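Undergrad: Dropping in structure.txt, with compact mmCIF, C-alpha atoms.
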# COMPACT_ATOMS: atom_id res chain seq x y z
CA MET A 1 71.97 108.61 85.34
CA THR A 2 68.70 106.71 85.82
CA GLU A 3 70.68 104.03 87.69
CA THR A 4 70.72 103.91 91.47
CA TYR A 5 74.08 103.35 93.13
CA ASP A 6 75.10 102.17 96.56
CA LEU A 7 77.72 104.91 96.77
CA ALA A 8 78.49 108.12 94.91
CA ILE A 9 81.96 109.62 95.27
CA VAL A 10 82.49 113.27 94.45
CA GLY A 11 86.03 113.80 93.16
CA ALA A 12 88.19 111.55 90.99
CA GLY A 13 91.56 112.51 92.41
CA ILE A 14 93.62 109.94 94.27
CA ILE A 15 91.49 110.36 97.42
CA GLY A 16 88.27 109.72 95.49
CA LEU A 17 89.82 106.75 93.70
CA GLY A 18 90.95 105.36 97.05
CA HIS A 19 87.36 105.44 98.28
CA ALA A 20 86.18 103.76 95.08
CA LEU A 21 88.72 100.98 95.63
CA ALA A 22 87.79 100.47 99.29
CA ALA A 23 84.08 100.39 98.40
CA ALA A 24 84.61 98.10 95.39
CA ARG A 25 86.35 95.60 97.63
CA ARG A 26 83.07 95.43 99.57
CA GLY A 27 81.16 94.64 96.38
CA LEU A 28 79.30 97.97 96.24
CA LYS A 29 77.87 99.59 93.12
CA ILE A 30 79.77 102.86 92.74
CA ILE A 31 79.73 106.03 90.66
CA VAL A 32 82.54 108.60 90.76
CA ILE A 33 81.65 112.15 89.69
CA ASP A 34 84.23 114.78 88.72
CA ARG A 35 84.00 118.22 87.15
CA ASP A 36 87.08 117.69 84.95
CA ALA A 37 87.22 115.60 81.79
CA GLN A 38 90.44 113.95 82.97
CA ALA A 39 92.80 113.88 85.93
CA ASN A 40 94.06 117.43 86.30
CA GLY A 41 94.76 118.40 89.90
CA ALA A 42 97.34 117.77 92.60
CA SER A 43 97.04 114.00 92.16
CA ILE A 44 99.00 114.17 88.89
CA ARG A 45 101.19 117.17 89.76
CA ASN A 46 103.24 115.54 92.50
CA PHE A 47 106.27 113.25 92.66
CA GLY A 48 104.32 109.97 92.65
CA PHE A 49 106.37 109.29 95.76
CA ILE A 50 104.55 107.12 98.33
CA THR A 51 106.32 108.30 101.47
CA VAL A 52 106.47 106.42 104.77
CA THR A 53 109.66 107.63 106.42
CA GLY A 54 109.17 111.13 107.79
CA GLN A 55 105.39 111.00 108.09
CA ALA A 56 104.08 112.31 111.40
CA GLY A 57 103.80 109.71 114.12
CA GLY A 58 100.49 108.08 114.91
CA ASP A 59 97.71 107.97 112.33
CA MET A 60 99.72 109.40 109.42
CA TRP A 61 102.60 106.95 109.82
CA ARG A 62 100.17 104.05 110.17
CA ARG A 63 98.20 105.21 107.14
CA ALA A 64 101.34 105.63 105.06
CA ARG A 65 102.42 102.06 105.75
CA ARG A 66 98.98 100.73 104.86
CA ALA A 67 98.67 102.89 101.74
CA ARG A 68 102.09 101.72 100.56
CA ASP A 69 100.87 98.14 100.90
CA VAL A 70 97.70 98.91 98.92
CA TRP A 71 99.78 100.47 96.14
CA ASP A 72 101.85 97.29 96.08
CA GLU A 73 98.67 95.23 95.79
CA ILE A 74 97.27 97.15 92.81
CA VAL A 75 100.24 98.18 90.67
CA GLY A 76 100.39 94.75 89.03
CA PRO A 77 96.69 94.31 88.21
CA ALA A 78 96.39 97.96 87.12
CA GLY A 79 99.52 97.77 84.94
CA ILE A 80 101.38 100.54 86.77
CA PRO A 81 105.20 100.39 86.69
CA VAL A 82 107.03 100.98 89.96
CA ILE A 83 109.91 103.13 88.79
CA HIS A 84 112.04 102.82 91.89
CA ARG A 85 111.87 101.85 95.57
CA GLY A 86 113.50 103.23 98.70
CA THR A 87 114.67 106.66 99.81
CA ALA A 88 118.06 108.13 100.63
CA ILE A 89 118.02 111.21 102.84
CA LEU A 90 121.51 112.68 102.62
CA ALA A 91 122.97 114.33 105.72
CA ARG A 92 125.34 117.15 104.80
CA SER A 93 125.77 118.45 108.36
CA ASP A 94 126.56 116.94 111.74
CA GLU A 95 123.15 118.05 112.98
CA ALA A 96 121.37 116.24 110.17
CA LEU A 97 123.42 113.09 110.73
CA ALA A 98 122.47 113.17 114.42
CA VAL A 99 118.78 113.40 113.50
CA ALA A 100 119.19 110.45 111.10
CA ARG A 101 120.76 108.31 113.81
CA GLU A 102 118.17 109.25 116.42
CA PHE A 103 115.33 108.48 114.00
CA ALA A 104 116.76 105.12 112.94
CA ALA A 105 117.03 104.10 116.59
CA GLY A 106 113.35 104.82 117.27
CA GLU A 107 110.11 102.96 116.56
CA MET A 108 109.36 104.77 113.30
CA GLY A 109 112.88 104.04 112.09
CA GLU A 110 112.15 100.34 111.86
CA GLY A 111 113.91 98.94 108.79
CA CYS A 112 115.89 102.15 108.23
CA THR A 113 119.66 102.32 108.52
CA VAL A 114 122.26 105.08 108.68
CA LEU A 115 125.05 104.41 106.22
CA PRO A 116 128.42 106.05 105.54
CA PRO A 117 129.06 108.05 102.34
CA ALA A 118 130.93 105.10 100.80
CA ALA A 119 127.68 103.11 100.77
CA LEU A 120 126.39 105.44 98.07
CA ASP A 121 128.60 103.53 95.62
CA GLN A 122 125.94 100.82 95.76
CA LYS A 123 122.79 102.71 96.72
CA MET A 124 123.13 105.95 94.71
CA PRO A 125 126.41 106.47 92.86
CA VAL A 126 125.19 109.74 91.28
CA ALA A 127 124.97 111.48 94.68
CA ARG A 128 127.68 113.99 95.54
CA ARG A 129 130.09 113.01 98.29
CA ASP A 130 131.68 116.39 99.04
CA GLY A 131 130.70 117.50 102.54
CA LEU A 132 128.51 114.44 103.05
CA ARG A 133 128.39 113.01 106.59
CA GLY A 134 126.26 109.95 105.83
CA PHE A 135 122.68 109.16 104.86
CA LEU A 136 119.50 107.59 106.15
CA TRP A 137 118.37 104.71 103.95
CA SER A 138 114.69 103.74 104.01
CA PRO A 139 113.44 100.67 102.08
CA HIS A 140 109.76 101.52 102.58
CA GLU A 141 108.92 103.91 99.75
CA LEU A 142 107.90 103.35 96.16
CA ARG A 143 107.54 105.73 93.24
CA VAL A 144 105.05 105.67 90.36
CA GLU A 145 104.53 108.19 87.56
CA PRO A 146 101.42 110.07 88.74
CA ARG A 147 100.46 111.40 85.30
CA THR A 148 99.91 107.85 84.08
CA ALA A 149 99.32 106.01 87.37
CA VAL A 150 96.23 107.96 88.44
CA PRO A 151 94.40 107.47 85.11
CA ALA A 152 95.48 103.81 85.18
CA VAL A 153 93.90 103.32 88.60
CA ALA A 154 90.64 104.83 87.32
CA LYS A 155 90.67 102.68 84.18
CA TRP A 156 91.33 99.53 86.24
CA LEU A 157 88.53 100.38 88.70
CA GLU A 158 86.19 100.77 85.75
CA SER A 159 87.21 97.58 83.93
CA ALA A 160 87.93 95.23 86.83
CA HIS A 161 85.45 96.48 89.45
CA GLY A 162 82.62 97.96 87.38
CA VAL A 163 83.00 101.47 88.81
CA THR A 164 81.09 104.08 86.76
CA PHE A 165 82.73 107.45 86.06
CA LEU A 166 80.73 110.59 85.29
CA ARG A 167 83.18 113.27 84.16
CA GLY A 168 82.60 116.87 83.19
CA ALA A 169 79.90 117.15 85.85
CA ALA A 170 79.98 119.68 88.68
CA VAL A 171 78.15 118.60 91.83
CA THR A 172 76.01 121.41 93.21
CA GLU A 173 74.06 119.69 96.01
CA VAL A 174 74.41 116.48 97.99
CA ALA A 175 71.28 115.17 99.72
CA PRO A 176 71.12 111.37 99.45
CA PRO A 177 69.49 109.61 97.75
CA ARG A 178 69.79 112.51 95.27
CA ILE A 179 72.91 114.32 94.12
CA GLU A 180 72.43 117.34 91.86
CA THR A 181 75.01 117.82 89.12
CA SER A 182 75.42 120.10 86.12
CA ARG A 183 74.54 117.08 83.97
CA GLY A 184 71.42 116.11 85.86
CA PRO A 185 70.65 114.21 89.08
CA VAL A 186 72.48 111.12 90.27
CA HIS A 187 70.82 108.69 92.69
CA ALA A 188 72.87 106.99 95.41
CA ASP A 189 72.16 105.75 98.92
CA LYS A 190 75.37 107.18 100.40
CA VAL A 191 77.94 109.76 99.33
CA VAL A 192 81.61 110.49 100.02
CA VAL A 193 82.81 113.99 99.09
CA CYS A 194 86.52 114.34 98.27
CA PRO A 195 86.76 118.02 97.30
CA GLY A 196 90.52 118.45 97.06
CA PRO A 197 91.31 122.19 97.05
CA ASP A 198 87.65 123.24 96.66
CA LEU A 199 86.89 124.55 100.14
CA VAL A 200 83.63 126.40 99.42
CA THR A 201 81.26 124.48 97.09
CA LEU A 202 80.06 121.53 99.18
CA PHE A 203 79.67 121.61 102.98
CA PRO A 204 81.89 124.67 103.50
CA GLU A 205 80.84 124.96 107.15
CA THR A 206 82.11 121.43 107.86
CA ILE A 207 85.40 122.07 106.06
CA ALA A 208 85.88 125.41 107.83
CA LYS A 209 86.00 123.67 111.23
CA TYR A 210 89.46 122.37 110.29
CA ARG A 211 90.80 125.84 109.34
CA PRO A 212 92.28 124.85 105.99
CA THR A 213 94.05 127.11 103.56
CA LEU A 214 95.68 126.27 100.22
CA CYS A 215 99.30 125.50 99.45
CA LYS A 216 100.95 126.23 96.08
CA LEU A 217 104.11 124.36 95.16
CA HIS A 218 106.67 124.66 92.35
CA MET A 219 107.77 121.56 90.44
CA LEU A 220 110.47 121.13 87.78
CA ARG A 221 111.46 118.48 85.29
CA LEU A 222 115.11 118.30 84.30
CA ALA A 223 116.28 116.84 81.00
CA PRO A 224 116.98 113.10 80.71
CA GLN A 225 120.35 112.45 82.30
CA GLY A 226 121.68 110.03 79.71
CA ALA A 227 122.67 106.39 79.55
CA GLY A 228 124.16 105.02 82.73
CA TRP A 229 122.90 107.85 84.97
CA LYS A 230 120.47 106.18 87.36
CA LEU A 231 119.05 107.56 90.57
CA GLY A 232 117.79 104.20 91.83
CA ALA A 233 115.70 105.66 94.65
CA SER A 234 114.08 108.89 95.76
CA VAL A 235 116.51 111.36 97.30
CA MET A 236 116.17 114.11 99.89
CA MET A 237 118.61 115.99 102.14
CA ASP A 238 119.01 118.04 105.35
CA LEU A 239 116.01 120.25 104.59
CA SER A 240 113.66 117.26 104.79
CA PHE A 241 114.95 116.23 108.22
CA GLY A 242 114.00 119.74 109.32
CA ARG A 243 110.59 119.84 107.64
CA TYR A 244 108.99 116.42 107.98
CA LEU A 245 107.02 116.04 111.21
CA GLY A 246 108.13 112.43 111.60
CA PHE A 247 111.52 113.68 112.75
CA ASP A 248 110.05 115.99 115.43
CA GLY A 249 110.80 113.57 118.26
CA CYS A 250 114.53 113.53 117.51
CA PRO A 251 116.49 115.52 120.13
CA SER A 252 118.79 117.09 117.51
CA VAL A 253 116.07 118.41 115.20
CA GLY A 254 115.98 121.80 116.95
CA ALA A 255 119.68 122.37 116.33
CA LEU A 256 119.25 121.32 112.70
CA ARG A 257 116.37 123.73 112.16
CA ALA A 258 118.39 126.54 113.71
CA ARG A 259 121.26 125.78 111.32
CA ILE A 260 118.92 125.80 108.32
CA ALA A 261 117.33 129.07 109.43
CA GLU A 262 120.76 130.69 109.77
CA ARG A 263 122.29 129.41 106.53
CA GLU A 264 119.29 129.12 104.21
CA PRO A 265 116.78 131.87 105.11
CA LEU A 266 115.49 132.23 101.52
CA THR A 267 115.05 128.48 101.19
CA LEU A 268 113.13 128.41 104.46
CA ALA A 269 111.03 131.46 103.54
CA ASN A 270 109.90 129.70 100.36
CA GLY A 271 109.14 126.43 102.16
CA ILE A 272 111.64 124.51 100.04
CA HIS A 273 112.76 121.04 100.87
CA LEU A 274 114.42 119.00 98.15
CA ILE A 275 112.94 115.84 96.64
CA VAL A 276 114.31 114.33 93.44
CA VAL A 277 112.86 111.29 91.66
CA GLN A 278 113.61 109.84 88.24
CA SER A 279 111.20 108.98 85.45
CA ALA A 280 111.42 106.07 83.04
CA ASP A 281 112.81 108.31 80.29
CA GLY A 282 115.73 109.35 82.51
CA SER A 283 114.39 112.82 83.27
CA LEU A 284 114.24 114.04 86.87
CA VAL A 285 111.27 115.48 88.73
CA VAL A 286 112.62 118.03 91.21
CA GLY A 287 110.84 120.09 93.86
CA ASP A 288 109.38 121.63 95.76
CA SER A 289 108.34 124.86 97.46
CA HIS A 290 105.37 125.75 99.67
CA HIS A 291 103.45 129.07 99.63
CA TYR A 292 100.20 129.37 101.57
CA ALA A 293 97.15 131.54 100.91
CA PRO A 294 93.34 131.21 100.78
CA THR A 295 93.70 131.83 97.02
CA PRO A 296 97.30 131.27 95.91
CA ASP A 297 98.43 133.50 93.06
CA PRO A 298 99.05 131.78 89.71
CA PHE A 299 102.63 132.99 89.32
CA ALA A 300 105.84 130.94 89.58
CA PRO A 301 108.89 133.17 90.04
CA ASP A 302 112.08 131.81 88.51
CA ALA A 303 114.03 132.75 91.64
CA VAL A 304 112.20 130.01 93.56
CA ASP A 305 112.94 127.49 90.83
CA GLN A 306 116.61 128.43 90.87
CA LEU A 307 116.78 127.85 94.64
CA ILE A 308 115.29 124.38 94.17
CA LEU A 309 117.72 123.69 91.32
CA ARG A 310 120.69 124.84 93.39
CA HIS A 311 119.89 122.32 96.11
CA ALA A 312 119.54 119.57 93.49
CA LYS A 313 122.97 120.43 92.07
CA GLU A 314 124.48 120.41 95.56
CA THR A 315 123.00 116.97 96.19
CA LEU A 316 123.46 115.14 92.88
CA ASP A 317 126.15 115.05 90.20
CA LEU A 318 123.76 116.05 87.43
CA ALA A 319 124.62 115.21 83.86
CA ASP A 320 122.19 117.85 82.52
CA ASP A 321 120.67 120.62 84.63
CA ARG A 322 118.36 122.04 81.95
CA ILE A 323 114.78 122.67 83.11
CA VAL A 324 112.54 121.27 80.38
CA GLU A 325 109.17 121.63 82.14
CA ARG A 326 107.69 123.63 85.02
CA TRP A 327 104.34 123.45 86.74
CA THR A 328 102.59 124.33 89.96
CA GLY A 329 100.23 122.34 92.12
CA VAL A 330 97.67 123.38 94.73
CA TYR A 331 96.41 121.28 97.62
CA PRO A 332 94.50 121.94 100.86
CA SER A 333 96.62 122.44 103.95
CA SER A 334 95.73 122.65 107.61
CA ASP A 335 97.80 122.89 110.77
CA ALA A 336 100.03 120.10 112.06
CA ASP A 337 97.24 118.76 114.28
CA THR A 338 95.02 118.06 111.24
CA PRO A 339 97.05 116.43 108.46
CA ALA A 340 93.86 114.69 107.29
CA PHE A 341 90.26 114.39 108.40
CA PHE A 342 86.86 112.97 107.61
CA ASP A 343 83.55 114.25 108.94
CA THR A 344 79.80 113.61 108.78
CA PRO A 345 77.87 116.64 107.49
CA LEU A 346 74.78 114.43 106.93
CA PRO A 347 74.01 110.91 108.23
CA ASP A 348 74.70 109.16 104.89
CA VAL A 349 77.47 111.54 103.80
CA ARG A 350 81.16 111.70 104.64
CA ILE A 351 83.61 114.38 103.58
CA ALA A 352 87.27 113.34 103.42
CA MET A 353 90.39 115.45 102.90
CA VAL A 354 94.13 115.04 103.23
CA THR A 355 95.34 118.48 104.29
CA SER A 356 99.10 117.95 104.33
CA GLY A 357 100.21 117.13 100.79
CA ALA A 358 100.31 113.41 101.57
CA GLY A 359 97.37 112.25 99.46
CA MET A 360 99.39 109.80 97.35
CA SER A 361 101.09 108.52 100.49
CA THR A 362 98.11 108.06 102.80
CA GLY A 363 94.88 108.41 100.80
CA PHE A 364 94.19 104.71 100.24
CA ALA A 365 94.36 104.04 103.98
CA LEU A 366 92.22 107.04 104.91
CA ALA A 367 89.64 105.83 102.39
CA GLU A 368 89.44 102.42 104.05
CA GLU A 369 88.69 104.13 107.36
CA VAL A 370 85.99 106.32 105.83
CA ILE A 371 84.25 103.43 104.07
CA ALA A 372 84.39 101.37 107.27
CA ASP A 373 82.85 104.25 109.18
CA LEU A 374 80.14 104.81 106.57
CA TYR A 375 79.15 101.14 106.31
CA GLY A 376 79.87 99.96 109.84
What does this structure look like when you write it as structure tokens?

TA:
Amino acid sequence: MTETYDLAIVGAGIIGLGHALAAARRGLKIIVIDRDAQANGASIRNFGFITVTGQAGGDMWRRARRARDVWDEIVGPAGIPVIHRGTAILARSDEALAVAREFAAGEMGEGCTVLPPAALDQKMPVARRDGLRGFLWSPHELRVEPRTAVPAVAKWLESAHGVTFLRGAAVTEVAPPRIETSRGPVHADKVVVCPGPDLVTLFPETIAKYRPTLCKLHMLRLAPQGAGWKLGASVMMDLSFGRYLGFDGCPSVGALRARIAEREPLTLANGIHLIVVQSADGSLVVGDSHHYAPTPDPFAPDAVDQLILRHAKETLDLADDRIVERWTGVYPSSDADTPAFFDTPLPDVRIAMVTSGAGMSTGFALAEEVIADLYG
């Protein structure tokens, strides 16, 4: 800690690692400081699903496309397997099918197609056909295993780019060129703070301008589905057409949301929209729900999990529906007008947050913007 760095980054989640990557590509000397001994937060508790289709129009859609490209650039050098590519959003109602068609015909639907149920024979044979109207196919997404991918990114940044990591150190004050930590001072010319769900420790007045709260989500892992059972791509369904802001411009989305509200009030009340991805061992990661509070409670009622599981069973012909693992995640969330932000609490300091649960999907691109702003 007697070294002097060009840049100190507070937070070693995917947003902090994105800033380390963007800065390393400029040849800067970097230290990343994190209070945890290893990756532990929302960055490893998600689907590992880098989502383009459905992101809100404008900055978030642009960032998602760029972040997807950055993931593609680094998975090889960092030794990260891409488990599958593409997304099928299944339309089980006429309203959902109308939204799919309207989206595919628009600018953000570039590369996406609406296919009939029979096309699932090739794209996703394990999907259920009963009641299916068709599906939106997107080729843009990729899926990595976050529990191993996030540590792999950090290890690669350290070995290939010389990034220093200081773990088990809580940052208590940021005033470049000095950063106070629980393990002593760190010296750096500039600082980027990536606080994740910590809204009160560093620059709380700056964060408060964006009116964030916290979102708790439920996640499940189902047992390996056996030989021959292959998902092949990420899968979603009607609920996602209703929830994702990227579909807001579709004329039929209002009718779809009304249908969901009438038929699935408990699902809607728990903020559930189905995503299912498959892991290399054949198990399925299934989620998720959304509950908002300044301090979310630590409890995970089984009734919410059973709602999520019901939608998975309606969507896929599961070979084994046993839940073998459960967990929750917490991330910062703001209103629809602020899905992400960065700000300047001090001249040589930036604070950066993704406040919409899209850190894996957009964080690398946001980081490039922040580093460009900090270094001109």

Undergrad: Go through A:Ala367, A:Ile323, A:Leu136, A:Met353 and flag the residue nearest A:Gly287, using only C-alpha atoms for the distances.

TA: A:Ile323

Undergrad: Skipping near chain neighbours, those fewer than 6 positions away, what residues fall within 10 Å of A:Arg133 using all atoms listed in the file, listed as a list in words?

TA: Leu90, Ala91, Arg92, Ser93, Asp94, Glu95, Ala96, Leu97, Ala98, Leu115, Pro116 and Pro117 of chain A

Undergrad: Pick the closest to A:Ala365 from A:Ala340, A:Val235, A:Ala78, A:Cys215: which is it, counting all atoms listed in the file?

TA: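 That would be A:Ala340, the residue with the smallest distance to A:Ala365.
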
Undergrad: Would you give me, as CSV, each residue of stretch 37-85 of chain A having an atom within 12 Å of an atom of stretch 327-330 of chain A, along with its shortest atom pair and that distance in Å to one decimal, using all atoms listed in the file and sorting by chain and residue number?

TA:
residue,atom,partner,partner_atom,distance
A:Asn40,CA,A:Gly329,CA,9.8
A:Gly41,CA,A:Gly329,CA,7.1
A:Ala42,CA,A:Gly329,CA,5.4
A:Ser43,CA,A:Gly329,CA,8.9
A:Ile44,CA,A:Gly329,CA,8.9
A:Arg45,CA,A:Gly329,CA,5.8
A:Asn46,CA,A:Gly329,CA,7.4
A:Phe47,CA,A:Gly329,CA,10.9

Undergrad: For A:Asp69, which residue out of A:His140, A:Lys29, A:Arg129, A:Lys209 is the nearest one, using all atoms listed in the file?

TA: A:His140

Undergrad: Pick out the closest residue to A:Asp238 from this set: A:Asp288, A:Arg178, A:Ser283, A:Ile89. Count all atoms listed in the file.

TA: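 Closest to A:Asp238 of all the choices is A:Ile89.
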
Undergrad: One decimal, in Å: what's the spacing between atom CA of A:Pro197 and atom CA of A:Pro332?

TA: 5.0 Å

Undergrad: Give one line per residue of stretch 208-250 of chain A that approaches stretch 107-114 of chain A to at most 12 Å, naming the two atoms of the closest pair and their distance in Å to one decimal, counting all atoms listed in the file; sort by chain then ascending residue number and deliver it as JSON lines.

TA:
{"residue": "A:Leu245", "atom": "CA", "partner": "A:Met108", "partner_atom": "CA", "distance": 11.7}
{"residue": "A:Gly246", "atom": "CA", "partner": "A:Met108", "partner_atom": "CA", "distance": 7.9}
{"residue": "A:Phe247", "atom": "CA", "partner": "A:Met108", "partner_atom": "CA", "distance": 9.2}
{"residue": "A:Asp248", "atom": "CA", "partner": "A:Met108", "partner_atom": "CA", "distance": 11.4}
{"residue": "A:Gly249", "atom": "CA", "partner": "A:Met108", "partner_atom": "CA", "distance": 10.2}
{"residue": "A:Cys250", "atom": "CA", "partner": "A:Met108", "partner_atom": "CA", "distance": 11.0}

Undergrad: A:Ile31, A:Ala149, A:Val99, A:Val192: which is nearest A:Ile83, counting all atoms listed in the file?

TA: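 Using all atoms listed in the file, A:Ile83 sits closest to A:Ala149.
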
Undergrad: Considering all atoms listed in the file, can you say which of A:Val75, A:Ala88, A:Val10, A:Leu316 comes closest to A:Asp130?

TA: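 The answer is A:Leu316, which sits nearest to A:Asp130.
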
Undergrad: Output, as JSON, the centre and edge lengths in Å (one decimal) of the axis-aligned box that contains all listed atoms of stretch 354-363 of chain A with 6 Å of margin on each side.

TA:
{"center_x": 97.6, "center_y": 113.3, "center_z": 100.8, "size_x": 19.0, "size_y": 22.4, "size_z": 19.0}

Undergrad: In Å, rounded to a single decimal, give me how far atom CA of A:Trp229 is from atom CA of A:Asp321.

TA: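 It comes out at 13.0 Å.
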
Undergrad: Quick one: distance from atom CA of A:Leu366 to atom CA of A:Ile207 in Å, one decimal?

TA: 16.5 Å

Undergrad: Is there a way to get, as a PyMOL selection string, all residues within 7 Å of the point (81.5, 116.0, 100.7) in file coordinates, counting only C-alpha atoms?

TA: chain A and resi 10+192-195+202-203+349-352

Undergrad: How would the residues just chosen look if you wrote them out with C-alpha atoms as a short mmCIF file (atom, residue, chain, number, x, y, z; two decimals), in the coordinates of the input?

TA:
data_model
loop_
_atom_site.label_atom_id
_atom_site.label_comp_id
_atom_site.auth_asym_id
_atom_site.auth_seq_id
_atom_site.Cartn_x
_atom_site.Cartn_y
_atom_site.Cartn_z
CA VAL A 10 82.49 113.27 94.45
CA VAL A 192 81.61 110.49 100.02
CA VAL A 193 82.81 113.99 99.09
CA CYS A 194 86.52 114.34 98.27
CA PRO A 195 86.76 118.02 97.30
CA LEU A 202 80.06 121.53 99.18
CA PHE A 203 79.67 121.61 102.98
CA VAL A 349 77.47 111.54 103.80
CA ARG A 350 81.16 111.70 104.64
CA ILE A 351 83.61 114.38 103.58
CA ALA A 352 87.27 113.34 103.42
#

Undergrad: Please list as an mmCIF file with C-alpha atoms, in the frame of the given file every residue within 6 Å of A:Arg63, counting only C-alpha atoms and excluding residues in the same chain fewer than 3 positions away.

TA:
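Saved to selection-v6.cif:
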data_model
loop_
_atom_site.group_PDB
_atom_site.id
_atom_site.type_symbol
_atom_site.label_atom_id
_atom_site.label_comp_id
_atom_site.auth_asym_id
_atom_site.auth_seq_id
_atom_site.Cartn_x
_atom_site.Cartn_y
_atom_site.Cartn_z
ATOM 1 C CA ASP A 59 97.710 107.970 112.330
ATOM 2 C CA MET A 60 99.720 109.400 109.420
ATOM 3 C CA ARG A 66 98.980 100.730 104.860
ATOM 4 C CA ALA A 67 98.670 102.890 101.740
ATOM 5 C CA THR A 362 98.110 108.060 102.800
ATOM 6 C CA ALA A 365 94.360 104.040 103.980
#
